[in-house]
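Engineer: Pasting target_6.csv below, which is CSV, C-alpha atoms.
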```
chain,number,residue,atom,x,y,z
A,1,MET,CA,165.4,253.2,66.9
A,2,ALA,CA,168.2,250.7,66.3
A,3,GLU,CA,166.8,247.3,65.4
A,4,PRO,CA,168.2,244.0,66.9
A,5,ARG,CA,170.3,241.7,65.0
A,6,LEU,CA,167.5,239.2,64.6
A,7,ILE,CA,165.5,241.7,62.5
A,8,ARG,CA,168.5,242.5,60.4
A,9,ASP,CA,169.3,238.8,59.8
A,10,TYR,CA,165.7,238.2,58.8
A,11,GLN,CA,165.8,241.1,56.3
A,12,SER,CA,169.1,239.8,55.0
A,13,SER,CA,167.6,236.4,54.3
A,14,LEU,CA,164.8,238.1,52.3
A,15,SER,CA,167.3,240.3,50.5
A,16,ALA,CA,169.2,237.3,49.2
A,17,GLN,CA,166.1,236.0,47.4
A,18,LEU,CA,163.8,239.0,46.6
A,19,PRO,CA,164.2,242.3,44.7
A,20,ALA,CA,164.9,245.5,46.6
A,21,SER,CA,161.4,247.0,46.1
A,22,ILE,CA,159.8,244.0,47.8
A,23,VAL,CA,162.4,243.8,50.6
A,24,ASP,CA,161.9,247.5,51.3
A,25,GLU,CA,158.2,247.0,51.7
A,26,LEU,CA,158.7,243.9,54.0
A,27,ALA,CA,161.3,245.7,56.0
A,28,ASP,CA,158.9,248.6,56.6
A,29,GLY,CA,156.2,246.1,57.8
A,30,LEU,CA,158.7,244.2,60.0
A,31,SER,CA,160.0,247.4,61.5
A,32,GLU,CA,156.4,248.6,62.3
A,33,THR,CA,155.6,245.2,63.8
A,34,TYR,CA,158.8,245.4,66.0
A,35,ARG,CA,158.0,248.9,67.1
A,36,SER,CA,154.4,247.9,67.9
A,37,TYR,CA,155.7,245.2,70.3
A,38,ARG,CA,158.2,247.7,71.8
A,39,ARG,CA,155.3,250.1,72.5
A,40,GLN,CA,153.6,247.3,74.3
A,41,GLY,CA,156.6,247.2,76.7
A,42,LEU,CA,158.5,244.2,75.4
A,43,ALA,CA,162.3,244.2,75.6
A,44,PRO,CA,164.1,244.7,72.3
A,45,ASP,CA,165.2,241.1,71.8
A,46,ILE,CA,161.8,239.7,72.8
A,47,ALA,CA,160.0,242.2,70.6
A,48,ALA,CA,162.2,241.2,67.7
A,49,GLN,CA,161.5,237.6,68.2
A,50,ALA,CA,157.8,238.3,68.4
A,51,ALA,CA,157.9,240.4,65.2
A,52,VAL,CA,159.8,237.7,63.3
A,53,GLU,CA,157.5,235.0,64.4
A,54,GLU,CA,154.5,237.0,63.5
A,55,PHE,CA,155.9,237.6,60.0
A,56,GLY,CA,156.4,233.9,59.4
A,57,GLU,CA,159.2,231.8,57.8
A,58,PRO,CA,161.1,233.9,55.2
A,59,GLN,CA,161.0,230.9,52.8
A,60,VAL,CA,157.2,230.9,53.0
A,61,ILE,CA,157.1,234.6,52.1
A,62,VAL,CA,159.6,234.1,49.2
A,63,ASP,CA,157.6,231.1,47.9
A,64,GLU,CA,154.4,233.1,48.0
A,65,PHE,CA,156.0,236.0,46.1
A,66,ALA,CA,157.2,233.5,43.5
A,67,ARG,CA,153.7,232.1,43.2
A,68,VAL,CA,152.1,235.5,42.5
A,69,HIS,CA,154.9,236.7,40.1
A,70,PRO,CA,153.3,237.8,36.8
A,71,ALA,CA,155.9,235.8,34.9
A,72,ARG,CA,154.4,232.6,36.2
A,73,ARG,CA,150.9,233.4,34.9
A,74,THR,CA,152.3,234.5,31.6
A,75,ALA,CA,154.4,231.3,31.3
A,76,ARG,CA,151.3,229.2,32.0
A,77,LYS,CA,149.3,231.0,29.4
A,78,LEU,CA,152.0,230.5,26.8
A,79,LEU,CA,152.4,226.8,27.7
A,80,VAL,CA,148.6,226.3,27.4
A,81,THR,CA,148.3,228.1,24.0
A,82,GLY,CA,151.6,226.8,22.6
A,83,PRO,CA,150.2,223.4,21.3
A,84,ALA,CA,147.5,225.3,19.3
A,85,VAL,CA,150.0,227.6,17.6
A,86,GLY,CA,152.4,224.6,17.1
A,87,ALA,CA,149.6,222.6,15.5
A,88,CYS,CA,148.9,225.5,13.1
A,89,TRP,CA,152.5,225.5,12.1
A,90,ALA,CA,152.7,221.7,11.9
A,91,ALA,CA,149.8,221.7,9.5
A,92,THR,CA,151.4,224.4,7.4
A,93,LEU,CA,154.7,222.6,7.2
A,94,ILE,CA,153.0,219.3,6.3
A,95,THR,CA,150.7,220.8,3.6
A,96,SER,CA,153.6,222.7,2.1
A,97,GLN,CA,155.9,219.6,2.3
A,98,ALA,CA,158.4,221.5,4.2
A,99,TRP,CA,160.8,218.6,4.4
A,100,ALA,CA,161.5,219.2,0.7
A,101,LEU,CA,162.5,222.8,1.3
A,102,PRO,CA,166.2,223.7,0.9
A,103,VAL,CA,166.8,224.2,4.6
A,104,PRO,CA,170.2,223.0,6.0
A,105,LEU,CA,170.0,220.3,8.6
A,106,SER,CA,171.9,222.5,11.1
A,107,VAL,CA,169.2,225.1,10.9
A,108,ARG,CA,166.5,222.5,11.4
A,109,ILE,CA,168.3,221.1,14.5
A,110,LEU,CA,168.9,224.7,15.8
A,111,LEU,CA,165.2,225.5,15.4
A,112,GLY,CA,164.2,222.3,17.2
A,113,LEU,CA,166.6,223.0,20.1
A,114,ALA,CA,165.3,226.6,20.3
A,115,VAL,CA,161.7,225.3,20.7
A,116,ILE,CA,162.7,222.8,23.3
A,117,ALA,CA,164.8,225.4,25.2
A,118,THR,CA,161.9,227.9,25.1
A,119,ILE,CA,159.4,225.3,26.5
A,120,GLY,CA,161.9,224.5,29.2
A,121,LEU,CA,162.2,228.1,30.2
A,122,LEU,CA,158.5,228.6,30.3
A,123,ALA,CA,158.0,225.4,32.3
A,124,ALA,CA,160.7,226.5,34.8
A,125,SER,CA,158.9,229.8,35.3
A,126,ALA,CA,155.5,228.1,35.5
A,127,VAL,CA,156.5,225.8,38.3
A,128,GLY,CA,159.6,227.5,39.7
A,129,THR,CA,159.8,227.7,43.5
A,130,THR,CA,162.3,230.5,43.8
A,131,TYR,CA,161.4,234.1,42.9
A,132,ARG,CA,164.4,234.8,40.8
A,133,LEU,CA,164.1,231.6,38.8
A,134,THR,CA,160.4,232.3,38.1
A,135,ALA,CA,161.2,235.9,37.0
A,136,ARG,CA,164.2,235.2,34.9
A,137,ALA,CA,163.0,232.1,33.2
A,138,GLY,CA,159.7,233.8,32.5
A,139,ILE,CA,161.4,236.9,30.9
A,140,ALA,CA,163.7,234.7,28.9
A,141,GLY,CA,160.9,232.4,27.8
A,142,CYS,CA,158.8,235.3,26.8
A,143,ALA,CA,161.6,236.9,24.7
A,144,ALA,CA,162.4,233.5,23.1
A,145,ILE,CA,158.7,233.1,22.1
A,146,ALA,CA,158.7,236.5,20.5
A,147,VAL,CA,162.0,235.7,18.6
A,148,LEU,CA,160.8,232.3,17.5
A,149,ASP,CA,157.4,233.6,16.2
A,150,THR,CA,159.2,236.4,14.3
A,151,ALA,CA,161.6,233.9,12.8
A,152,MET,CA,158.8,231.5,11.9
A,153,ILE,CA,156.7,234.1,10.2
A,154,THR,CA,159.6,235.7,8.3
A,155,SER,CA,161.2,232.5,7.1
A,156,MET,CA,158.0,230.7,6.2
A,157,MET,CA,156.7,233.7,4.2
A,158,PHE,CA,159.8,233.4,2.0
A,159,ALA,CA,160.3,229.6,2.0
A,160,ILE,CA,156.9,228.0,1.4
A,161,PRO,CA,155.8,227.9,-2.3
A,162,SER,CA,152.1,228.9,-1.8
A,163,ILE,CA,150.0,230.5,0.9
A,164,THR,CA,147.0,228.6,2.1
A,165,TRP,CA,144.4,229.4,4.7
A,166,ILE,CA,146.3,227.1,7.1
A,167,THR,CA,149.4,229.3,6.6
A,168,ILE,CA,147.3,232.4,7.2
A,169,ALA,CA,146.0,230.8,10.4
A,170,ALA,CA,149.5,229.9,11.6
A,171,VAL,CA,150.8,233.4,10.9
A,172,ALA,CA,147.9,235.0,12.6
A,173,ALA,CA,148.3,232.8,15.7
A,174,SER,CA,152.0,233.5,15.8
A,175,ALA,CA,151.5,237.2,15.3
A,176,MET,CA,149.0,237.4,18.2
A,177,ARG,CA,151.3,235.4,20.4
A,178,MET,CA,154.2,237.6,19.4
A,179,THR,CA,152.3,240.8,20.3
A,180,PHE,CA,151.2,239.3,23.6
A,181,SER,CA,154.8,238.2,24.4
A,182,ALA,CA,156.3,241.5,23.5
A,183,ARG,CA,153.8,243.5,25.5
A,184,THR,CA,154.1,241.2,28.5
A,185,LEU,CA,157.9,241.3,28.2
A,186,THR,CA,157.9,245.0,28.6
A,187,ARG,CA,155.7,244.7,31.8
A,188,LEU,CA,157.9,241.9,33.2
A,189,VAL,CA,161.1,243.9,32.7
A,190,ALA,CA,159.5,246.9,34.3
A,191,HIS,CA,158.3,244.7,37.2
A,192,ALA,CA,161.9,243.3,37.6
A,193,GLN,CA,163.2,246.8,37.9
A,194,GLY,CA,160.8,247.5,40.7
B,1,MET,CA,140.7,231.6,63.1
B,2,ARG,CA,143.6,230.1,61.2
B,3,ALA,CA,145.0,231.2,57.8
B,4,GLU,CA,143.8,228.0,56.1
B,5,GLU,CA,140.2,228.7,57.1
B,6,LEU,CA,140.4,232.1,55.4
B,7,LYS,CA,141.6,230.5,52.2
B,8,GLY,CA,139.4,231.8,49.3
B,9,HIS,CA,138.3,234.8,51.3
B,10,LEU,CA,141.7,236.6,51.8
B,11,ASP,CA,141.3,238.8,48.8
B,12,ALA,CA,137.9,240.1,49.9
B,13,VAL,CA,139.1,240.6,53.5
B,14,LEU,CA,142.1,242.7,52.2
B,15,LEU,CA,139.9,244.7,49.9
B,16,ALA,CA,137.6,245.5,52.8
B,17,ALA,CA,140.5,246.6,54.9
B,18,LEU,CA,141.4,249.2,52.2
B,19,GLU,CA,137.8,250.4,51.9
B,20,GLY,CA,138.3,253.1,54.5
B,21,GLY,CA,141.2,254.7,52.7
B,22,PRO,CA,144.8,254.1,51.6
B,23,ARG,CA,146.9,251.9,53.9
B,24,HIS,CA,150.4,250.4,53.9
B,25,GLY,CA,150.8,246.7,54.6
B,26,TYR,CA,151.2,246.9,58.4
B,27,ALA,CA,148.1,249.2,58.6
B,28,VAL,CA,146.1,246.7,56.6
B,29,ILE,CA,147.0,244.0,59.1
B,30,GLU,CA,146.2,246.3,62.1
B,31,THR,CA,142.8,247.1,60.4
B,32,LEU,CA,142.1,243.4,60.1
B,33,ARG,CA,142.9,242.8,63.7
B,34,GLN,CA,140.8,245.7,64.9
B,35,ASN,CA,137.8,244.7,62.7
B,36,THR,CA,137.9,241.1,63.8
B,37,GLY,CA,138.8,241.6,67.5
B,38,GLY,CA,142.1,239.9,66.8
B,39,ARG,CA,140.4,236.6,65.6
B,40,LEU,CA,142.3,236.4,62.3
B,41,ASP,CA,145.6,234.7,62.9
B,42,LEU,CA,147.5,235.3,59.6
B,43,PRO,CA,151.2,235.1,59.1
B,44,THR,CA,151.8,238.8,58.5
B,45,GLY,CA,154.4,238.2,55.8
B,46,THR,CA,152.0,236.5,53.5
B,47,ILE,CA,149.7,239.6,53.4
B,48,TYR,CA,152.3,241.4,51.3
B,49,PRO,CA,152.4,238.9,48.3
B,50,ALA,CA,148.6,238.9,48.4
B,51,LEU,CA,148.6,242.7,48.2
B,52,ARG,CA,150.9,242.5,45.2
B,53,ARG,CA,148.6,240.0,43.5
B,54,LEU,CA,145.6,242.3,44.0
B,55,GLU,CA,147.6,245.1,42.5
B,56,GLN,CA,148.5,243.0,39.5
B,57,ALA,CA,144.8,242.2,39.1
B,58,GLY,CA,144.0,246.0,39.0
B,59,LEU,CA,141.9,245.8,42.2
B,60,ILE,CA,144.3,248.1,44.1
B,61,THR,CA,147.1,250.5,43.2
B,62,GLY,CA,150.3,250.9,45.2
B,63,SER,CA,152.5,254.0,45.5
B,64,TRP,CA,155.7,254.7,47.4
B,65,SER,CA,156.5,257.3,50.0
B,66,VAL,CA,159.3,257.8,52.5
B,67,VAL,CA,158.5,257.7,56.2
B,68,GLY,CA,161.1,258.0,58.9
B,69,GLY,CA,163.8,257.3,56.3
B,70,ARG,CA,162.2,254.0,55.2
B,71,ARG,CA,160.4,253.4,51.9
B,72,ARG,CA,156.8,252.6,52.4
B,73,ARG,CA,154.3,251.2,49.9
B,74,GLU,CA,150.7,252.3,50.4
B,75,TYR,CA,147.7,250.8,48.7
B,76,ARG,CA,144.3,252.1,47.7
B,77,LEU,CA,141.2,250.6,46.1
B,78,THR,CA,140.6,251.1,42.4
B,79,GLY,CA,137.1,251.3,40.9
B,80,ALA,CA,137.4,247.7,39.9
B,81,GLY,CA,138.4,246.8,43.5
B,82,ARG,CA,135.3,248.5,44.9
B,83,ARG,CA,133.1,246.6,42.5
B,84,ALA,CA,134.9,243.3,43.3
B,85,LEU,CA,134.4,244.0,47.0
B,86,ALA,CA,130.7,244.6,46.6
B,87,GLY,CA,130.4,241.4,44.6
B,88,ARG,CA,132.3,239.4,47.2
B,89,ARG,CA,130.2,240.8,50.0
B,90,ALA,CA,127.0,239.8,48.3
B,91,ASP,CA,128.4,236.3,47.6
B,92,TRP,CA,129.5,236.0,51.2
B,93,ARG,CA,126.1,237.0,52.6
B,94,ASP,CA,124.5,234.3,50.4
B,95,PHE,CA,127.1,231.7,51.3
B,96,SER,CA,127.1,232.4,55.0
B,97,ALA,CA,123.3,232.4,55.2
B,98,ALA,CA,123.1,229.1,53.4
B,99,VAL,CA,125.8,227.4,55.6
B,100,THR,CA,124.2,228.8,58.7
B,101,ALA,CA,120.8,227.5,57.6
B,102,ALA,CA,122.4,224.1,56.9
B,103,LEU,CA,124.3,223.9,60.2
B,104,GLU,CA,121.4,225.0,62.3
B,105,GLY,CA,118.8,223.0,60.4
B,106,ARG,CA,116.8,226.1,59.5
B,107,PRO,CA,115.0,226.5,56.1
B,108,TRP,CA,116.7,228.9,53.7
B,109,PRO,CA,115.9,231.6,53.0
B,110,SER,CA,114.7,232.0,56.6
B,111,PRO,CA,111.1,233.1,57.1
B,112,ALA,CA,110.7,236.6,58.4
```
Could you render the structure from this file as structure tokens?
Structural biologist:
Amino acid sequence: MAEPRLIRDYQSSLSAQLPASIVDELADGLSETYRSYRRQGLAPDIAAQAAVEEFGEPQVIVDEFARVHPARRTARKLLVTGPAVGACWAATLITSQAWALPVPLSVRILLGLAVIATIGLLAASAVGTTYRLTARAGIAGCAAIAVLDTAMITSMMFAIPSITWITIAAVAASAMRMTFSARTLTRLVAHAQG
Amino acid sequence: MRAEELKGHLDAVLLAALEGGPRHGYAVIETLRQNTGGRLDLPTGTIYPALRRLEQAGLITGSWSVVGGRRRREYRLTGAGRRALAGRRADWRDFSAAVTAALEGRPWPSPA
């Protein structure tokens, strides 16, 4: 049964904003809704109009899929726990007088920018209103957290003169977050591939 | 009944619609309509994100099939979903009994 242009246009507007697997599912539902109205005796164009109205505004559907995207929940968890991990590292850096370490200014600036960029990506995913922004920013933010934690653990283990319980706490917190980020990243990438 | 009034209960309603066996999105909506005599006026498109959210929570699982040349995603309840549904049903019975008692001015629990 050929479907009217209105149905195809509706699907196209969803395809522009959502991944294929979700669009396939919605297209099946929309098609079933349309066929149901046709079975009730409605003309094709009227049945298509009724089906589209029953489905609701495409943007409402897209927003809802963005809201339930697992990347958003992950980004929020990382943003909430971030200050605690950051505080552990701040305490480590202060107690080991990190400002006296032979780290080039460019590296310090780069690290600062990387932290700011990561927070920005996670914030974009946490409050993003488009599906693709939520998904991509979440995946990038998750990957950036894993890289940052790895870099911090590796560099501090070599750079600081003595290991204290604060250092151990910071490394443990970063390691836990790194593991969480890496595992979640795998799931998010699989989710993105449908 | 409008969608806003169902807020907070949508998950339980969807789980209940899947209790009778695996269903795809449209069949879930049809089941809701049949079970409620058409009183639930939900924008159909918003059911699908809710199903994905329940799947992410491990309460239902989805699988693909091909029907009439179209890909179709079918959902079924998991063990955790059945337990969650039982819990939500018990909560709802308590809640609705309390609200009914409050609205109708009857003591609660109602004397036999």
Engineer: Could you tell me which residues of chain A sit within 9 Å of chain B when counting all atoms listed in the file, and give me the result as a ChimeraX atom specification?
Structural biologist: /A:21-22,24-30,32-33,53-58,60-62,64-70
Engineer: Just to confirm, what's the straight-line distance from atom CA of A:Ile116 to atom CA of A:Ala192 in Å (one decimal)?
Structural biologist: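 Computing the Euclidean distance for atom CA of A:Ile116 and atom CA of A:Ala192 yields 25.0 Å.
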Engineer: Calculated over only C-alpha atoms, which of the candidates A:Met152, A:Leu78, A:Ala51, A:Ile94 has the smallest distance to A:Gly112?
Structural biologist: A:Met152
Engineer: By how many Å are atom CA of A:Gln17 and atom CA of A:Gln59 apart?
Structural biologist: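 Interatomic distance, atom CA of A:Gln17 to atom CA of A:Gln59: 9.0 Å.
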Engineer: Could you jot down the atom CA of B:Val28 to atom CA of B:Arg76 separation for me, Å, one decimal place?
Structural biologist: 10.6 Å
Engineer: At a cut-off of 10 Å, using only C-alpha atoms, what residues contact A:Cys88? Leave out same-chain residues fewer than 3 positions from it and give the result as an mmCIF file with C-alpha atoms, keeping the file's coordinate frame.
Structural biologist:
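Ended up saving to around.cif:
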```
data_model
loop_
_atom_site.group_PDB
_atom_site.id
_atom_site.type_symbol
_atom_site.label_atom_id
_atom_site.label_comp_id
_atom_site.auth_asym_id
_atom_site.auth_seq_id
_atom_site.Cartn_x
_atom_site.Cartn_y
_atom_site.Cartn_z
ATOM 1 C CA GLY A 82 151.600 226.800 22.600
ATOM 2 C CA PRO A 83 150.200 223.400 21.300
ATOM 3 C CA ALA A 84 147.500 225.300 19.300
ATOM 4 C CA VAL A 85 150.000 227.600 17.600
ATOM 5 C CA ALA A 91 149.800 221.700 9.500
ATOM 6 C CA THR A 92 151.400 224.400 7.400
ATOM 7 C CA LEU A 93 154.700 222.600 7.200
ATOM 8 C CA ILE A 166 146.300 227.100 7.100
ATOM 9 C CA THR A 167 149.400 229.300 6.600
ATOM 10 C CA ILE A 168 147.300 232.400 7.200
ATOM 11 C CA ALA A 169 146.000 230.800 10.400
ATOM 12 C CA ALA A 170 149.500 229.900 11.600
ATOM 13 C CA VAL A 171 150.800 233.400 10.900
ATOM 14 C CA ALA A 172 147.900 235.000 12.600
ATOM 15 C CA ALA A 173 148.300 232.800 15.700
ATOM 16 C CA SER A 174 152.000 233.500 15.800
#
```
Engineer: At a cut-off of 12 Å, using all atoms listed in the file, what residues contact B:Leu15? Leave out same-chain residues fewer than 6 positions from it and give the result as a PyMOL selection string.
Structural biologist: chain B and resi 9+21-23+28-29+31-32+47+50-51+53-55+58-61+75-89
Engineer: Would you kindly identify which residues have an atom no farther than 12 Å from (165.9, 234.0, 37.2), using all atoms listed in the file and the file's own coordinates, and write them out as a list in words?
Structural biologist: Gln17, Leu18, Pro19, Ala66, His69, Ala71, Arg72, Leu121, Leu122, Ala124, Ser125, Gly128, Thr129, Thr130, Tyr131, Arg132, Leu133, Thr134, Ala135, Arg136, Ala137, Gly138, Ile139, Ala140, Gly141, Leu188, Val189 and Ala192 of chain A
Engineer: For each of A:Leu148, A:Leu14, A:Leu111, A:Ala190, take the minimum atom-to-atom distance to A:Ala175, counting all atoms listed in the file, then give the residue where this is smallest.
Structural biologist: A:Leu148
Engineer: Restricted to N, CA and C atoms, what does stretch 138-157 of chain A look like when written out as a tab-separated table (two decimals), in the first residue's frame?
Structural biologist:
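In the end it all went to part09.tsv:
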```
chain	number	residue	atom	x	y	z
A	138	GLY	N	27.80	13.72	24.45
A	138	GLY	CA	27.93	12.74	25.53
A	138	GLY	C	29.07	11.76	25.26
A	139	ILE	N	29.13	11.27	24.03
A	139	ILE	CA	30.20	10.32	23.67
A	139	ILE	C	31.57	11.01	23.75
A	140	ALA	N	31.65	12.22	23.21
A	140	ALA	CA	32.92	12.95	23.24
A	140	ALA	C	33.33	13.28	24.68
A	141	GLY	N	32.36	13.71	25.48
A	141	GLY	CA	32.65	14.05	26.87
A	141	GLY	C	33.12	12.85	27.67
A	142	CYS	N	32.48	11.72	27.42
A	142	CYS	CA	32.83	10.46	28.10
A	142	CYS	C	34.26	10.05	27.73
A	143	ALA	N	34.57	10.14	26.44
A	143	ALA	CA	35.92	9.78	25.97
A	143	ALA	C	36.95	10.74	26.56
A	144	ALA	N	36.60	12.02	26.61
A	144	ALA	CA	37.53	13.02	27.14
A	144	ALA	C	37.81	12.77	28.62
A	145	ILE	N	36.77	12.40	29.38
A	145	ILE	CA	36.96	12.10	30.81
A	145	ILE	C	37.92	10.92	30.97
A	146	ALA	N	37.73	9.88	30.16
A	146	ALA	CA	38.60	8.70	30.25
A	146	ALA	C	40.05	9.08	29.94
A	147	VAL	N	40.24	9.90	28.93
A	147	VAL	CA	41.60	10.32	28.55
A	147	VAL	C	42.20	11.21	29.65
A	148	LEU	N	41.41	12.15	30.16
A	148	LEU	CA	41.91	13.05	31.21
A	148	LEU	C	42.31	12.28	32.46
A	149	ASP	N	41.46	11.34	32.87
A	149	ASP	CA	41.77	10.57	34.07
A	149	ASP	C	43.04	9.74	33.86
A	150	THR	N	43.15	9.14	32.68
A	150	THR	CA	44.36	8.35	32.39
A	150	THR	C	45.60	9.25	32.44
A	151	ALA	N	45.49	10.41	31.84
A	151	ALA	CA	46.63	11.35	31.81
A	151	ALA	C	46.99	11.81	33.22
A	152	MET	N	45.97	12.12	34.03
A	152	MET	CA	46.23	12.59	35.39
A	152	MET	C	46.91	11.51	36.22
A	153	ILE	N	46.37	10.31	36.16
A	153	ILE	CA	46.95	9.22	36.96
A	153	ILE	C	48.39	8.97	36.55
A	154	THR	N	48.60	8.86	35.24
A	154	THR	CA	49.94	8.53	34.73
A	154	THR	C	50.94	9.64	35.07
A	155	SER	N	50.57	10.87	34.78
A	155	SER	CA	51.53	11.97	34.96
A	155	SER	C	51.81	12.22	36.44
A	156	MET	N	50.78	12.15	37.28
A	156	MET	CA	51.00	12.44	38.70
A	156	MET	C	51.82	11.35	39.39
A	157	MET	N	51.63	10.11	38.95
A	157	MET	CA	52.40	9.01	39.56
A	157	MET	C	53.90	9.24	39.34
```
